[in-house]
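Novice: If you scroll down you'll find the structure; I have some questions about it.
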Amino acid sequence: MILQRYIGLNLAKGWMIVFLVLGAVFGLISFIGELGHTRFGYDALAVARYTLLTLPQQLLSLAPVIVLLGSIVALASLDRYNELTIISCTGFQPRKLLGAIALPTLLLMAGLWLCMEYVTPQLQQSAERERHLLRFRNDTRIPDGGLWSTDNNRYIHLGQLREGGIPADISLFEFNDKGQLQRALHANTAKVSNDRRWLFQGVREKKRVDGKLVTRRHKELEVANLWAAEELPTLTLSRESMALSVLYRYSQYLATNDQPIEKYLSAFWQRLLMPFTVGAMVLLATPISANLGAGRDRSFGINMAIGAIVGILFYLAAQIIFAMGQLMQLSIPLIAVAPAVLVSICALFLLRRMNW
């Protein structure tokens, strides 16, 4: 039990070292790049705060590479000072070594899921909200160009979302089955009810009557089947600032309205299955760094170089797999789990050949 705890603590220490090093590097790069966007109250101090709040989400996407390098740092350090050799000589079997590595890895995987749901999205949202407020001096947060949505032959454009979640600058277009415009609405603002009904205010309506478009103005006009009140905050979020549950619900909403869902569903499955890739990376790092037969012939630096090369190759291969899978219209969950499966196969092959 003491040896398992010792190995686990060293493993966690290795992860933390690499996390801090890469965090410092990527944080500095992000800070320097963001300095070019200073404006009004968004000064250098605000840029530093924004960088610190968004850095966890950025590093979360690199978790498999961080864990691979951290595991190599920990295990190769133990091998460097012959600690693994001594542990092996005590009769410590390979399955016990894998068991000692498995416990902190499972805890890390659980922590990653919790962070993706309850920590990093909220930090990202807070950072983006503050950044927008300081740069533009208002709380109207919506992507440039507004948002489009479609419902059969009806197209809706939301131009603004004001403070308090009030929709503004709303356009609606209705077409018949032949593609002819039947009605066009533009409203200044709208009141949103919980049953997806919007009460348009300050409305200009153009409606086809006897083949001609007739313009009318209304103080208020009710339109059904639009966004629900609880869905409006989601519209201002980037994919990076969406929690796992929000990503899934939003992709389902898009699916029910026959809108493209691939990028949101792909982001959901990639994040959901990413901790499994993290576990596979720890498994892969074990034979790379804890191979006692190669310990005398291979230096600590060579182990780190191998880990860095493997990490870079993994990142590139994962991007290629995702791109090719989407191009070939393969199952999104299958594409997302492919990197973890491939890494696990390589790790198991190397483990069988590992000298212990």
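Each chain in the structure tokens gets a letter, A, B and so on, in the order shown; residues start at 1 in every chain, and ligands are counted from 1 in the order they appear.
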Skip Phe276 (chain A) itself and residues of its chain fewer than 4 positions away, then list as a list in words all residues within 8 Å of it, counting only C-alpha atoms.
Specialist: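 Listing them by chain and then by number gives Met109, Ala280 and Ala340 of chain A.
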Novice: Export, as an mmCIF file, in the first residue's frame, the selected residues with C-alpha atoms.
Specialist:
data_model
loop_
_atom_site.group_PDB
_atom_site.id
_atom_site.type_symbol
_atom_site.label_atom_id
_atom_site.label_comp_id
_atom_site.auth_asym_id
_atom_site.auth_seq_id
_atom_site.Cartn_x
_atom_site.Cartn_y
_atom_site.Cartn_z
ATOM 1 C CA MET A 109 -10.665 11.435 -15.212
ATOM 2 C CA ALA A 280 -5.007 5.748 -22.435
ATOM 3 C CA ALA A 340 -8.505 6.680 -27.206
#
Novice: Which residues come within 12 Å of Asn153 (chain A), counting only C-alpha atoms, excluding same-chain residues fewer than 5 positions away, as number ranges by chain?
Specialist: A: 172-183, 257-258
Novice: Can you list every residue of region 91-186 of chain A that has an atom at most 9 Å from region 8-19 of chain A, with its nearest atom pair and the distance in Å to one decimal, using only C-alpha atoms, ordered by chain then number, as a Markdown table?
Specialist:
| residue | atom | partner | partner_atom | distance |
| --- | --- | --- | --- | --- |
| A:Ala100 | CA | A:Gly8 | CA | 5.9 |
| A:Ile101 | CA | A:Gly8 | CA | 5.9 |
| A:Ala102 | CA | A:Gly8 | CA | 8.5 |
| A:Leu103 | CA | A:Gly8 | CA | 7.5 |
| A:Pro104 | CA | A:Gly8 | CA | 6.0 |
| A:Thr105 | CA | A:Gly8 | CA | 8.7 |
| A:Leu108 | CA | A:Ala12 | CA | 8.9 |
Novice: Applying 8 Å and only C-alpha atoms, which residues near Ser344 (chain A) remain after dropping the ones on its own chain fewer than 2 positions away? List them as number ranges by chain.
Specialist: A: 280-281, 283-284, 340-342, 346-348
Novice: Determine which residues of region 97-202 of chain A DSSP labels as strand (DSSP E or B) from the backbone of this structure, then write them out as a PyMOL selection string.
Specialist: chain A and resi 147-151+154-162+166-175+181-192+198-202
Novice: For Phe31 (chain A), list every protein, DNA or RNA residue within 12 Å, evaluated using only C-alpha atoms, and leave out those in the same chain fewer than 4 positions away; present the list as a list in words.
Specialist: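 Non-adjacent residues within range: Gly23, Ala24, Val25, Phe26, Gly27, Leu35, Gly36, His37, Thr38, Asp43, Ala44, Leu45, Ala46, Val47, Ala48, Arg49, Tyr50, Thr51, Leu52, Leu53, Thr54 and Leu55 of chain A.
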Novice: Would you mind exporting N, CA and C atoms of the selected residues as a CSV table (one decimal), in the first residue's frame?
Specialist:
chain,number,residue,atom,x,y,z
A,23,GLY,N,1.1,25.8,-18.6
A,23,GLY,CA,0.2,26.9,-18.3
A,23,GLY,C,0.9,28.3,-18.4
A,24,ALA,N,2.2,28.3,-17.9
A,24,ALA,CA,2.9,29.5,-18.0
A,24,ALA,C,3.2,29.9,-19.4
A,25,VAL,N,3.6,28.9,-20.2
A,25,VAL,CA,3.9,29.1,-21.6
A,25,VAL,C,2.7,29.6,-22.4
A,26,PHE,N,1.6,28.9,-22.3
A,26,PHE,CA,0.4,29.2,-23.1
A,26,PHE,C,-0.2,30.5,-22.5
A,27,GLY,N,-0.1,30.7,-21.2
A,27,GLY,CA,-0.7,31.9,-20.6
A,27,GLY,C,0.0,33.1,-21.1
A,35,LEU,N,-3.2,41.4,-25.8
A,35,LEU,CA,-2.8,42.9,-25.6
A,35,LEU,C,-3.2,43.7,-26.8
A,36,GLY,N,-3.2,43.1,-28.0
A,36,GLY,CA,-3.6,43.8,-29.2
A,36,GLY,C,-5.1,44.2,-29.3
A,37,HIS,N,-5.9,43.7,-28.3
A,37,HIS,CA,-7.3,44.0,-28.3
A,37,HIS,C,-7.7,44.9,-27.2
A,38,THR,N,-6.8,45.6,-26.6
A,38,THR,CA,-7.1,46.5,-25.5
A,38,THR,C,-7.9,47.7,-26.1
A,43,ASP,N,-7.9,47.1,-20.2
A,43,ASP,CA,-6.5,47.5,-20.2
A,43,ASP,C,-5.6,46.2,-19.9
A,44,ALA,N,-4.3,46.4,-19.6
A,44,ALA,CA,-3.4,45.3,-19.4
A,44,ALA,C,-3.8,44.4,-18.2
A,45,LEU,N,-4.3,45.1,-17.2
A,45,LEU,CA,-4.8,44.3,-16.0
A,45,LEU,C,-6.0,43.4,-16.3
A,46,ALA,N,-6.9,44.0,-17.1
A,46,ALA,CA,-8.1,43.2,-17.5
A,46,ALA,C,-7.7,42.1,-18.4
A,47,VAL,N,-6.7,42.3,-19.3
A,47,VAL,CA,-6.2,41.3,-20.2
A,47,VAL,C,-5.6,40.1,-19.4
A,48,ALA,N,-4.8,40.5,-18.3
A,48,ALA,CA,-4.3,39.5,-17.5
A,48,ALA,C,-5.3,38.6,-16.8
A,49,ARG,N,-6.4,39.3,-16.3
A,49,ARG,CA,-7.5,38.6,-15.6
A,49,ARG,C,-8.2,37.7,-16.6
A,50,TYR,N,-8.4,38.2,-17.8
A,50,TYR,CA,-9.1,37.4,-18.9
A,50,TYR,C,-8.2,36.2,-19.2
A,51,THR,N,-6.9,36.4,-19.3
A,51,THR,CA,-6.0,35.3,-19.6
A,51,THR,C,-6.1,34.2,-18.6
A,52,LEU,N,-6.1,34.6,-17.3
A,52,LEU,CA,-6.1,33.6,-16.2
A,52,LEU,C,-7.4,32.9,-16.2
A,53,LEU,N,-8.5,33.5,-16.5
A,53,LEU,CA,-9.8,32.9,-16.4
A,53,LEU,C,-10.0,31.9,-17.6
A,54,THR,N,-9.5,32.2,-18.8
A,54,THR,CA,-9.7,31.4,-19.9
A,54,THR,C,-8.6,30.3,-20.1
A,55,LEU,N,-7.5,30.4,-19.3
A,55,LEU,CA,-6.4,29.5,-19.4
A,55,LEU,C,-6.8,28.0,-19.1
Novice: For region 323-338 of chain A, find every residue with an atom within 9 Å (counting only C-alpha atoms), except residues of its own chain fewer than 5 positions away, and show them as a PDB file with N, CA and C atoms, in the first residue's frame.
Specialist:
ATOM      1  N   GLU A 262     -23.612  19.403 -36.377  1.00  0.00           N
ATOM      2  CA  GLU A 262     -22.373  18.625 -36.361  1.00  0.00           C
ATOM      3  C   GLU A 262     -21.313  19.229 -35.443  1.00  0.00           C
ATOM      4  N   LEU A 265     -22.399  18.828 -31.725  1.00  0.00           N
ATOM      5  CA  LEU A 265     -22.420  17.429 -31.310  1.00  0.00           C
ATOM      6  C   LEU A 265     -21.004  16.858 -31.285  1.00  0.00           C
ATOM      7  N   SER A 266     -20.176  17.280 -32.240  1.00  0.00           N
ATOM      8  CA  SER A 266     -18.787  16.831 -32.266  1.00  0.00           C
ATOM      9  C   SER A 266     -18.036  17.342 -31.039  1.00  0.00           C
ATOM     10  N   ALA A 267     -18.244  18.611 -30.689  1.00  0.00           N
ATOM     11  CA  ALA A 267     -17.598  19.167 -29.496  1.00  0.00           C
ATOM     12  C   ALA A 267     -18.051  18.430 -28.243  1.00  0.00           C
ATOM     13  N   TRP A 269     -19.132  15.221 -27.936  1.00  0.00           N
ATOM     14  CA  TRP A 269     -18.579  13.871 -27.841  1.00  0.00           C
ATOM     15  C   TRP A 269     -17.066  13.897 -27.625  1.00  0.00           C
ATOM     16  N   GLN A 270     -16.388  14.854 -28.230  1.00  0.00           N
ATOM     17  CA  GLN A 270     -14.938  14.941 -28.023  1.00  0.00           C
ATOM     18  C   GLN A 270     -14.619  15.218 -26.561  1.00  0.00           C
ATOM     19  N   ARG A 271     -15.370  16.130 -25.944  1.00  0.00           N
ATOM     20  CA  ARG A 271     -15.115  16.449 -24.538  1.00  0.00           C
ATOM     21  C   ARG A 271     -15.558  15.305 -23.622  1.00  0.00           C
ATOM     22  N   LEU A 272     -16.700  14.708 -23.923  1.00  0.00           N
ATOM     23  CA  LEU A 272     -17.208  13.636 -23.082  1.00  0.00           C
ATOM     24  C   LEU A 272     -16.239  12.459 -23.026  1.00  0.00           C
ATOM     25  N   LEU A 273     -15.619  12.129 -24.170  1.00  0.00           N
ATOM     26  CA  LEU A 273     -14.743  10.962 -24.245  1.00  0.00           C
ATOM     27  C   LEU A 273     -13.268  11.301 -24.020  1.00  0.00           C
ATOM     28  N   MET A 274     -12.955  12.587 -23.896  1.00  0.00           N
ATOM     29  CA  MET A 274     -11.557  12.986 -23.723  1.00  0.00           C
ATOM     30  C   MET A 274     -10.892  12.368 -22.488  1.00  0.00           C
ATOM     31  N   PHE A 276     -11.203   9.466 -21.331  1.00  0.00           N
ATOM     32  CA  PHE A 276     -10.766   8.116 -21.690  1.00  0.00           C
ATOM     33  C   PHE A 276      -9.433   8.168 -22.445  1.00  0.00           C
ATOM     34  N   THR A 277      -9.272   9.191 -23.284  1.00  0.00           N
ATOM     35  CA  THR A 277      -7.992   9.379 -23.963  1.00  0.00           C
ATOM     36  C   THR A 277      -6.891   9.696 -22.959  1.00  0.00           C
ATOM     37  N   ALA A 318      -5.187  13.180 -34.097  1.00  0.00           N
ATOM     38  CA  ALA A 318      -6.561  13.390 -33.645  1.00  0.00           C
ATOM     39  C   ALA A 318      -7.283  14.396 -34.535  1.00  0.00           C
ATOM     40  N   VAL A 343      -4.678   4.739 -29.091  1.00  0.00           N
ATOM     41  CA  VAL A 343      -3.631   4.892 -28.077  1.00  0.00           C
ATOM     42  C   VAL A 343      -3.621   3.685 -27.145  1.00  0.00           C
TER      43      VAL A 343
END
Novice: Nearest to Gln4 (chain A): which of A:Tyr264, A:Tyr250, A:Phe92, A:Tyr118 is it, counting only C-alpha atoms?
Specialist: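 For Gln4 (chain A), the nearest of the given residues is A:Phe92.
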Novice: Give me, as a ChimeraX atom specification, all polymer residues having an atom no more than 10 Å from Leu350 (chain A), counting only C-alpha atoms and skipping those fewer than 5 positions away in the same chain.
Specialist: /A:283-288,291,344-345,355
Novice: Measuring between only C-alpha atoms, which one of A:Leu235, A:Ile87, A:Leu185, A:Leu133 shows the shortest distance to Ser251 (chain A)?
Specialist: A:Leu235
Novice: For the helix (DSSP H, G or I) assignment from backbone DSSP, which residues of region 68-309 of chain A qualify? Please present them as a ChimeraX atom specification.
Specialist: /A:68-80,83-89,94-118,120-136,229-235,239-241,244-256,262-289,292-294,300-309
Novice: Under the rule that only C-alpha atoms are counted, which of A:Gly99, A:Pro260, A:Gly307, A:Gly33 is the nearest residue to Ser149 (chain A)?
Specialist: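 Under the stated criterion, the closest residue is A:Pro260.
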Novice: Just checking: using only C-alpha atoms, which residue out of A:Leu351, A:Ile306, A:Ala187, A:Leu68 ends up closest to Arg95 (chain A)?
Specialist: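 Of A:Leu351, A:Ile306, A:Ala187, A:Leu68, the one nearest Arg95 (chain A) is A:Leu351, counting only C-alpha atoms.
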Novice: Please, what distance in Å, to one decimal, runs between CA of Ala290 (chain A) and CA of Leu78 (chain A)?
Specialist: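 Between CA of Ala290 (chain A) and CA of Leu78 (chain A) the gap works out to 8.1 Å.
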Novice: Go through A:Pro275, A:Pro94, A:Gly301, A:Pro121 one by one, measure the shortest atom-to-atom distance of each to Thr234 (chain A) using only C-alpha atoms, and give the residue with the smallest value.
Specialist: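 Smallest separation from Thr234 (chain A) among the options: A:Pro121.
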Novice: In terms of the shortest atom-to-atom distance over only C-alpha atoms, which of A:Leu232, A:Ile261, A:Leu134, A:Ala168 is closest to Phe40 (chain A)?
Specialist: A:Leu134
Novice: Provide the CA of Ala317 (chain A) to CA of Pro339 (chain A) distance in Å, to one decimal place.
Specialist: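 CA of Pro339 (chain A) lies 8.0 Å from CA of Ala317 (chain A).
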Novice: Measure the distance from CA of Glu220 (chain A) to CA of Trp198 (chain A) in Å and round it to one decimal.
Specialist: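 Pair CA of Glu220 (chain A) / CA of Trp198 (chain A) returns 9.9 Å.
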Novice: For Val278 (chain A), please output as a VMD selection string all residues within 7 Å (counting only C-alpha atoms; exclusion window: fewer than 5 positions along the same chain).
Specialist: chain A and resid 63 to 64 67
Novice: Emit the selected residues as a PDB file, in the first residue's frame, including N, CA and C atoms.
Specialist:
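To be explicit, this is the file written out as selection27.pdb:
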ATOM      1  N   ALA A  63      -5.268  18.301 -22.226  1.00  0.00           N
ATOM      2  CA  ALA A  63      -5.120  17.374 -21.102  1.00  0.00           C
ATOM      3  C   ALA A  63      -4.438  16.059 -21.484  1.00  0.00           C
ATOM      4  N   PRO A  64      -4.765  15.427 -22.634  1.00  0.00           N
ATOM      5  CA  PRO A  64      -4.065  14.174 -22.968  1.00  0.00           C
ATOM      6  C   PRO A  64      -2.556  14.354 -23.108  1.00  0.00           C
ATOM      7  N   VAL A  67      -0.990  15.078 -19.576  1.00  0.00           N
ATOM      8  CA  VAL A  67      -0.929  13.871 -18.753  1.00  0.00           C
ATOM      9  C   VAL A  67       0.147  12.915 -19.268  1.00  0.00           C
TER      10      VAL A  67
END
